[in-house]
$ cat entry.cif   # mmCIF, C-alpha atoms
data_query
#
loop_
_atom_site.label_atom_id
_atom_site.label_comp_id
_atom_site.auth_asym_id
_atom_site.auth_seq_id
_atom_site.Cartn_x
_atom_site.Cartn_y
_atom_site.Cartn_z
CA MET C 1 15.52 -18.29 34.16
CA ILE C 2 13.60 -18.70 37.42
CA GLY C 3 15.69 -21.50 38.87
CA HIS C 4 14.88 -25.13 39.60
CA ASP C 5 13.42 -24.61 43.07
CA CYS C 6 11.09 -21.83 41.94
CA PHE C 7 9.88 -23.89 39.00
CA VAL C 8 9.18 -26.87 41.26
CA GLN C 9 7.12 -24.66 43.57
CA LEU C 10 5.12 -23.31 40.62
CA ALA C 11 4.57 -26.83 39.32
CA ARG C 12 3.26 -27.91 42.72
CA LEU C 13 0.98 -24.89 42.80
CA HIS C 14 -0.31 -25.78 39.34
CA ILE C 15 -1.06 -29.36 40.41
CA LEU C 16 -2.83 -28.06 43.52
CA HIS C 17 -5.06 -25.60 41.67
CA SER C 18 -5.48 -27.64 38.47
CA PRO C 19 -5.40 -31.34 39.36
CA LEU C 20 -4.98 -33.71 36.43
CA SER C 21 -8.38 -35.06 35.37
CA GLU C 22 -7.23 -37.53 32.69
CA GLY C 23 -4.29 -39.70 31.75
CA ASP C 24 -3.23 -37.52 28.81
CA VAL C 25 -0.88 -34.82 30.13
CA SER C 26 -0.18 -33.19 26.75
CA MET C 27 -2.61 -30.33 27.46
CA TYR C 28 -1.82 -30.01 31.15
CA GLY C 29 0.32 -26.91 30.72
CA GLU C 30 -2.52 -24.89 29.20
CA GLY C 31 -3.26 -22.84 32.30
CA PHE C 32 0.26 -22.63 33.70
CA HIS C 33 0.39 -18.88 33.08
CA VAL C 34 -2.74 -18.55 35.25
CA THR C 35 -0.98 -20.48 38.00
CA ILE C 36 1.97 -18.08 37.80
CA ALA C 37 -0.44 -15.17 38.18
CA LYS C 38 -1.62 -16.71 41.46
CA SER C 39 1.88 -16.49 42.92
CA PRO C 40 2.26 -12.92 44.26
CA THR C 41 5.96 -13.31 45.02
CA VAL C 42 6.91 -14.53 41.54
CA ASN C 43 4.50 -12.17 39.82
CA LYS C 44 5.94 -9.17 41.65
CA ALA C 45 9.55 -10.13 40.95
CA LEU C 46 9.00 -11.28 37.35
CA PRO C 47 5.72 -9.76 36.08
CA TYR C 48 6.56 -10.70 32.49
CA LEU C 49 6.79 -14.41 33.34
CA ILE C 50 3.04 -14.87 32.81
CA ASP C 51 3.23 -13.81 29.16
CA LEU C 52 6.48 -15.70 28.63
CA ALA C 53 4.75 -18.88 29.81
CA GLN C 54 1.83 -18.14 27.49
CA LEU C 55 4.24 -17.71 24.57
CA GLU C 56 5.84 -21.07 25.32
CA TRP C 57 2.40 -22.69 25.53
CA TYR C 58 1.37 -21.30 22.15
CA ARG C 59 4.59 -22.67 20.65
CA ASP C 60 3.91 -26.06 22.22
CA ILE C 61 0.35 -26.19 20.88
CA ALA C 62 1.43 -25.12 17.40
CA SER C 63 4.15 -27.76 17.31
CA ARG C 64 1.62 -30.54 17.92
CA MET C 65 -0.93 -29.44 15.34
CA PRO C 66 -1.13 -30.97 11.83
CA ILE C 67 1.22 -29.50 9.23
CA GLN C 68 -0.24 -26.25 7.96
CA GLN C 69 -0.38 -25.30 4.29
CA HIS C 70 0.60 -21.72 3.39
CA GLN C 71 0.01 -21.77 -0.36
CA PHE C 72 -2.28 -18.85 -1.11
CA PRO C 73 -4.64 -19.02 -4.15
CA LEU C 74 -3.68 -15.77 -5.83
CA GLU C 75 -6.22 -16.34 -8.60
CA LYS C 76 -9.08 -15.94 -6.10
CA LEU C 77 -7.70 -12.60 -4.96
CA GLN C 78 -7.25 -11.46 -8.56
CA GLN C 79 -10.85 -12.40 -9.38
CA LEU C 80 -12.10 -10.32 -6.47
CA GLN C 81 -9.95 -7.37 -7.45
CA ASN C 82 -11.22 -7.57 -11.04
CA SER C 83 -14.85 -8.09 -10.06
CA ASN C 84 -17.51 -5.64 -11.19
CA ASP C 85 -18.84 -5.83 -7.65
CA LEU C 86 -16.73 -3.15 -5.99
CA ASP C 87 -17.79 -4.27 -2.52
CA ALA C 88 -16.87 -7.92 -3.04
CA PHE C 89 -13.37 -7.65 -1.59
CA GLY C 90 -14.62 -5.96 1.57
CA ARG C 91 -17.04 -8.80 2.26
CA HIS C 92 -14.18 -11.27 2.49
CA TYR C 93 -11.53 -12.08 5.06
CA PHE C 94 -8.14 -13.73 4.78
CA HIS C 95 -8.05 -17.21 6.27
CA ILE C 96 -5.31 -17.68 8.85
CA PRO C 97 -3.87 -21.21 9.28
CA ASP C 98 -5.09 -22.84 12.49
CA ALA C 99 -1.65 -23.13 14.09
CA THR C 100 -1.36 -19.35 14.42
CA TYR C 101 -1.40 -17.38 17.66
CA VAL C 102 -1.03 -13.69 18.44
CA LEU C 103 0.17 -12.61 21.87
CA ASN C 104 -0.17 -8.98 22.94
CA SER C 105 2.06 -8.28 25.92
CA PRO C 106 2.91 -5.14 27.87
CA TYR C 107 6.41 -6.62 28.11
CA ASN C 108 9.13 -7.34 25.58
CA VAL C 109 8.73 -11.09 26.01
CA GLY C 110 9.43 -11.98 22.38
CA ALA C 111 12.89 -10.43 22.55
CA LEU C 112 13.42 -12.02 25.97
CA TRP C 113 12.45 -15.43 24.63
CA GLN C 114 14.89 -15.03 21.73
CA LEU C 115 17.70 -14.05 24.08
CA VAL C 116 17.04 -17.15 26.18
CA GLN C 117 17.15 -19.34 23.07
CA ASN C 118 20.42 -17.76 21.97
CA GLU C 119 21.94 -18.34 25.39
CA MET C 120 20.89 -21.99 25.31
CA LEU C 121 22.50 -22.47 21.89
CA GLU C 122 25.75 -20.76 22.80
CA THR C 123 26.88 -23.47 25.17
CA THR C 124 30.52 -22.46 24.88
CA GLN C 125 29.89 -18.88 25.93
CA THR C 126 31.52 -17.75 29.15
CA THR C 127 29.44 -16.82 32.16
CA PRO C 128 27.84 -13.42 31.46
CA SER C 129 29.25 -10.44 33.28
CA ALA C 130 28.02 -6.90 33.65
CA ASN C 131 29.96 -6.08 30.48
CA ASN C 132 28.74 -8.86 28.17
CA ASP C 133 25.31 -9.75 29.54
CA PRO C 134 22.84 -9.35 26.62
CA PHE C 135 19.92 -9.26 29.06
CA ALA C 136 21.26 -6.04 30.57
CA GLU C 137 20.41 -4.13 27.39
CA LEU C 138 16.89 -5.51 27.09
CA ASP C 139 14.07 -3.06 27.81
CA ILE C 140 11.62 -5.56 29.25
CA ASN C 141 8.95 -2.88 29.74
CA GLN C 142 8.61 -2.30 25.99
CA PRO C 143 5.16 -3.56 24.84
CA GLN C 144 5.31 -6.16 22.10
CA THR C 145 2.99 -8.14 19.85
CA ILE C 146 4.30 -11.61 19.02
CA LEU C 147 3.25 -13.92 16.21
CA ILE C 148 3.57 -17.68 16.73
CA GLN C 149 2.86 -19.78 13.66
CA GLN C 150 3.69 -23.31 12.57
CA ARG C 151 5.32 -23.57 9.16
CA ASN C 152 5.95 -27.14 8.08
CA ARG C 153 6.83 -28.14 11.66
CA TYR C 154 8.99 -25.05 12.16
CA ILE C 155 7.53 -22.74 14.80
CA PHE C 156 7.91 -19.19 13.55
CA THR C 157 8.12 -16.76 16.49
CA GLN C 158 8.45 -13.10 15.62
CA GLY C 159 7.61 -9.68 16.97
CA ILE C 160 5.15 -7.83 14.73
CA SER C 161 3.36 -4.50 14.79
CA ALA C 162 0.29 -4.16 16.97
CA GLN C 163 -1.71 -3.23 13.87
CA LEU C 164 -0.71 -6.41 12.03
CA GLY C 165 -1.56 -8.42 15.13
CA ALA C 166 -4.98 -6.76 15.25
CA LEU C 167 -5.56 -7.61 11.57
CA LEU C 168 -4.63 -11.25 12.15
CA ILE C 169 -7.05 -11.50 15.08
CA HIS C 170 -9.72 -9.75 13.00
CA CYS C 171 -9.32 -12.38 10.28
CA GLN C 172 -9.19 -15.23 12.79
CA GLN C 173 -12.60 -14.05 13.99
CA GLN C 174 -13.77 -14.30 10.36
CA LYS C 175 -14.82 -10.67 10.24
CA PRO C 176 -15.06 -9.02 6.81
CA LEU C 177 -12.36 -6.60 5.76
CA ASN C 178 -14.89 -3.78 5.43
CA GLN C 179 -15.13 -3.85 9.23
CA ALA C 180 -11.37 -3.48 9.73
CA SER C 181 -9.82 -0.15 10.68
CA ASP C 182 -7.68 1.84 8.28
CA GLU C 183 -4.65 1.00 10.44
CA MET C 184 -5.35 -2.71 10.03
CA LEU C 185 -6.01 -2.44 6.29
CA ALA C 186 -2.63 -0.76 5.85
CA GLN C 187 -1.08 -4.07 6.99
CA LEU C 188 -2.74 -6.17 4.26
CA PRO C 189 0.38 -6.43 2.05
CA TYR C 190 2.26 -8.11 4.89
CA LEU C 191 -0.22 -10.99 5.03
CA LEU C 192 0.98 -12.20 1.65
CA GLN C 193 4.55 -10.94 1.91
CA TYR C 194 5.15 -12.96 5.09
CA GLN C 195 2.95 -15.86 3.91
CA LEU C 196 0.67 -15.60 6.93
CA VAL C 197 -2.55 -16.61 5.13
CA ASN C 198 -3.68 -19.53 2.97
CA ASP C 199 -7.06 -18.47 1.55
CA ILE C 200 -9.57 -15.65 1.17
CA LEU C 201 -13.18 -16.44 2.04
CA GLU C 202 -16.49 -14.61 2.19
CA ALA C 203 -17.56 -13.69 5.70
CA ASN C 204 -20.96 -14.80 6.93
CA ASP C 205 -21.78 -11.28 8.09
CA GLY C 206 -20.26 -9.58 5.06
#
$ encode --input "entry.cif" --output "structure tokens"
Amino acid sequence: MIGHDCFVQLARLHILHSPLSEGDVSMYGEGFHVTIAKSPTVNKALPYLIDLAQLEWYRDIASRMPIQQHQFPLEKLQQLQNSNDLDAFGRHYFHIPDATYVLNSPYNVGALWQLVQNEMLETTQTTPSANNDPFAELDINQPQTILIQQRNRYIFTQGISAQLGALLIHCQQQKPLNQASDEMLAQLPYLLQYQLVNDILEANDG
């Protein structure tokens, strides 16, 4: 997307500002999006590249984490719903598997990432022209919330609503549901529908 020469320059800048401190390079790309932000020329021409790099980093981290289980114990939820303690449910939060990341971007980077993947897969496609270039129809300035989650080694990458993203972050912070906004609570059915959670636990500050 940015060309070989530009990438090499960014890599050199990253090495300059973040010299390798150990032999293991698996985590060396963690701050690459910060390095991109330090390049005024690239940042001005491609302001969305910072978030695109962050998305790729989240996918890379998730791919190297242990396999995540997504089997939710429905009986625990049913017990809470049938409890005589009407406030019990609100004192709990849904546990999000560790290999889950939410990226809030002012740019449509999730759709851009998907277009790039499609282009890489379609190796037999002719060189895009003004008439068949899928990138030409992309509104890059459309804000987007992206979910990145490992599912049995498959890295699920999907645009979601900002409210669902806020609920996921709320649960990742282990905050009780009684502290969530009405907009976030309206997204609760999607946690189970999309198999985004694997437990429900009582919050320490519930």
$ closest_residue --input "entry.cif" --among "C:Glu119, C:Asp182, C:Asp98, C:Glu202" --to "C:Arg64" --atoms "only C-alpha atoms"
C:Asp98
$ atom_distance --input "entry.cif" --atom1 "atom CA of C:Leu164" --atom2 "atom CA of C:Pro47"
25.1 Å
$ closest_residue --input "entry.cif" --among "C:Ala186, C:Leu191, C:Ile160, C:Leu138" --to "C:Phe72" --atoms "only C-alpha atoms"
C:Leu191
$ atom_distance --input "entry.cif" --atom1 "atom CA of C:Ser105" --atom2 "atom CA of C:Met65"
23.8 Å
$ residues_around --input "entry.cif" --residues "stretch 75-88 of chain C" --least-positions-apart "5" --cutoff "10 Å" --atoms "only C-alpha atoms" --output "list in words"
Phe94, Leu177, Asn178, Asp199, Ile200, Leu201, Glu202 and Gly206 of chain C
$ atom_distance --input "entry.cif" --atom1 "atom CA of C:Gln187" --atom2 "atom CA of C:Ala166"
9.5 Å
$ resolve_selection --input "entry.cif" --expression "the PyMOL selection byres ((chain C and resi 139) around 12)" --output "ChimeraX atom specification"
/C:48,106-112,134-138,140-144
$ resolve_selection --input "entry.cif" --expression "the PyMOL selection byres ((chain C and resi 153) around 12)" --output "VMD selection string"
chain C and resid 59 to 69 99 149 to 152 154 to 156
$ closest_residue --input "entry.cif" --among "C:Ala162, C:Leu185, C:Cys171, C:Val42" --to "C:Tyr93" --atoms "only C-alpha atoms"
C:Cys171
$ closest_residue --input "entry.cif" --among "C:Val34, C:Leu74, C:Leu115, C:Leu55" --to "C:Asn198" --atoms "only C-alpha atoms"
C:Leu74
$ closest_residue --input "entry.cif" --among "C:Pro40, C:Ser161, C:Leu52, C:His95" --to "C:Val116" --atoms "all atoms listed in the file"
C:Leu52
$ closest_residue --input "entry.cif" --among "C:Asn43, C:Gln163, C:Thr35, C:Thr157" --to "C:Glu56" --atoms "all atoms listed in the file"
C:Thr157
$ residues_around --input "entry.cif" --residues "C:Leu147" --least-positions-apart "3" --cutoff "6 Å" --atoms "only C-alpha atoms" --output "PyMOL selection string"
chain C and resi 101-102+157-158
$ write_last_selection --input "entry.cif" --atoms "C-alpha atoms" --output "CSV table (one decimal), keeping the file's coordinate frame"
chain,number,residue,atom,x,y,z
C,101,TYR,CA,-1.4,-17.4,17.7
C,102,VAL,CA,-1.0,-13.7,18.4
C,157,THR,CA,8.1,-16.8,16.5
C,158,GLN,CA,8.4,-13.1,15.6
$ decode --input "entry.cif" --residues "stretch 34-50 of chain C" --atoms "all heavy atoms" --output "short mmCIF file (atom, residue, chain, number, x, y, z; two decimals), in the first residue's frame"
data_model
loop_
_atom_site.label_atom_id
_atom_site.label_comp_id
_atom_site.auth_asym_id
_atom_site.auth_seq_id
_atom_site.Cartn_x
_atom_site.Cartn_y
_atom_site.Cartn_z
N VAL C 34 3.23 4.13 16.48
CA VAL C 34 3.77 5.36 17.07
C VAL C 34 4.87 5.92 16.19
O VAL C 34 4.99 7.14 16.00
CB VAL C 34 4.29 5.08 18.50
CG1 VAL C 34 4.91 6.35 19.10
CG2 VAL C 34 3.17 4.56 19.39
N THR C 35 5.68 5.02 15.64
CA THR C 35 6.74 5.45 14.71
C THR C 35 6.14 6.13 13.49
O THR C 35 6.64 7.17 13.03
CB THR C 35 7.58 4.24 14.28
OG1 THR C 35 8.24 3.69 15.42
CG2 THR C 35 8.62 4.64 13.24
N ILE C 36 5.06 5.57 12.96
CA ILE C 36 4.40 6.18 11.80
C ILE C 36 3.92 7.58 12.14
O ILE C 36 4.03 8.51 11.33
CB ILE C 36 3.23 5.30 11.33
CG1 ILE C 36 3.74 3.95 10.83
CG2 ILE C 36 2.43 6.00 10.24
CD1 ILE C 36 2.64 2.96 10.48
N ALA C 37 3.42 7.75 13.36
CA ALA C 37 2.92 9.06 13.78
C ALA C 37 4.04 10.10 13.84
O ALA C 37 3.77 11.31 13.77
CB ALA C 37 2.24 8.94 15.14
N LYS C 38 5.28 9.64 13.96
CA LYS C 38 6.42 10.55 14.03
C LYS C 38 6.94 10.94 12.65
O LYS C 38 7.92 11.69 12.55
CB LYS C 38 7.55 9.91 14.84
CG LYS C 38 7.20 9.70 16.31
CD LYS C 38 8.34 9.01 17.05
CE LYS C 38 7.99 8.81 18.51
NZ LYS C 38 9.07 8.10 19.26
N SER C 39 6.30 10.43 11.60
CA SER C 39 6.69 10.78 10.24
C SER C 39 5.67 11.74 9.65
O SER C 39 4.62 11.31 9.15
CB SER C 39 6.78 9.51 9.38
OG SER C 39 7.06 9.83 8.04
N PRO C 40 5.92 13.05 9.70
CA PRO C 40 4.93 14.03 9.24
C PRO C 40 4.52 13.83 7.78
O PRO C 40 3.34 13.99 7.45
CB PRO C 40 5.66 15.37 9.43
CG PRO C 40 6.72 15.10 10.43
CD PRO C 40 7.15 13.68 10.20
N THR C 41 5.46 13.46 6.94
CA THR C 41 5.15 13.31 5.52
C THR C 41 4.16 12.18 5.30
O THR C 41 3.14 12.35 4.62
CB THR C 41 6.43 13.04 4.72
OG1 THR C 41 7.36 14.11 4.93
CG2 THR C 41 6.12 12.93 3.24
N VAL C 42 4.44 11.01 5.89
CA VAL C 42 3.55 9.86 5.73
C VAL C 42 2.23 10.12 6.42
O VAL C 42 1.15 9.82 5.88
CB VAL C 42 4.21 8.59 6.30
CG1 VAL C 42 3.24 7.42 6.27
CG2 VAL C 42 5.47 8.24 5.51
N ASN C 43 2.28 10.70 7.60
CA ASN C 43 1.07 10.94 8.38
C ASN C 43 0.14 11.92 7.68
O ASN C 43 -1.08 11.79 7.75
CB ASN C 43 1.44 11.47 9.77
CG ASN C 43 0.30 11.34 10.75
OD1 ASN C 43 -0.60 10.52 10.59
ND2 ASN C 43 0.32 12.16 11.77
N LYS C 44 0.72 12.88 6.98
CA LYS C 44 -0.11 13.85 6.25
C LYS C 44 -0.73 13.22 5.01
O LYS C 44 -1.89 13.47 4.69
CB LYS C 44 0.74 15.06 5.85
CG LYS C 44 -0.05 16.15 5.13
CD LYS C 44 0.84 17.34 4.82
CE LYS C 44 0.04 18.44 4.09
NZ LYS C 44 0.89 19.62 3.79
N ALA C 45 0.05 12.40 4.32
CA ALA C 45 -0.45 11.77 3.09
C ALA C 45 -1.42 10.63 3.38
O ALA C 45 -2.42 10.46 2.66
CB ALA C 45 0.73 11.27 2.26
N LEU C 46 -1.12 9.85 4.43
CA LEU C 46 -1.94 8.68 4.77
C LEU C 46 -2.25 8.70 6.27
O LEU C 46 -1.72 7.90 7.03
CB LEU C 46 -1.20 7.39 4.41
CG LEU C 46 -0.74 7.23 2.96
CD1 LEU C 46 0.18 6.03 2.82
CD2 LEU C 46 -1.94 7.10 2.03
N PRO C 47 -3.12 9.59 6.72
CA PRO C 47 -3.37 9.72 8.16
C PRO C 47 -3.98 8.47 8.79
O PRO C 47 -3.86 8.27 10.00
CB PRO C 47 -4.34 10.91 8.24
CG PRO C 47 -4.98 10.97 6.89
CD PRO C 47 -3.92 10.54 5.92
N TYR C 48 -4.61 7.63 7.99
CA TYR C 48 -5.23 6.41 8.50
C TYR C 48 -4.23 5.27 8.68
O TYR C 48 -4.56 4.23 9.24
CB TYR C 48 -6.33 5.94 7.54
CG TYR C 48 -5.88 5.86 6.10
CD1 TYR C 48 -5.20 4.75 5.61
CD2 TYR C 48 -6.12 6.92 5.22
CE1 TYR C 48 -4.77 4.68 4.30
CE2 TYR C 48 -5.70 6.86 3.90
CZ TYR C 48 -5.03 5.74 3.45
OH TYR C 48 -4.60 5.68 2.14
N LEU C 49 -2.99 5.46 8.23
CA LEU C 49 -2.01 4.39 8.28
C LEU C 49 -1.65 4.01 9.72
O LEU C 49 -1.33 2.86 10.01
CB LEU C 49 -0.74 4.80 7.52
CG LEU C 49 0.28 3.69 7.24
CD1 LEU C 49 -0.35 2.60 6.39
CD2 LEU C 49 1.50 4.27 6.54
N ILE C 50 -1.74 4.97 10.63
CA ILE C 50 -1.44 4.70 12.04
C ILE C 50 -2.40 3.65 12.59
O ILE C 50 -1.98 2.65 13.19
CB ILE C 50 -1.54 6.00 12.87
CG1 ILE C 50 -0.50 7.02 12.40
CG2 ILE C 50 -1.38 5.70 14.36
CD1 ILE C 50 -0.67 8.39 13.04
#
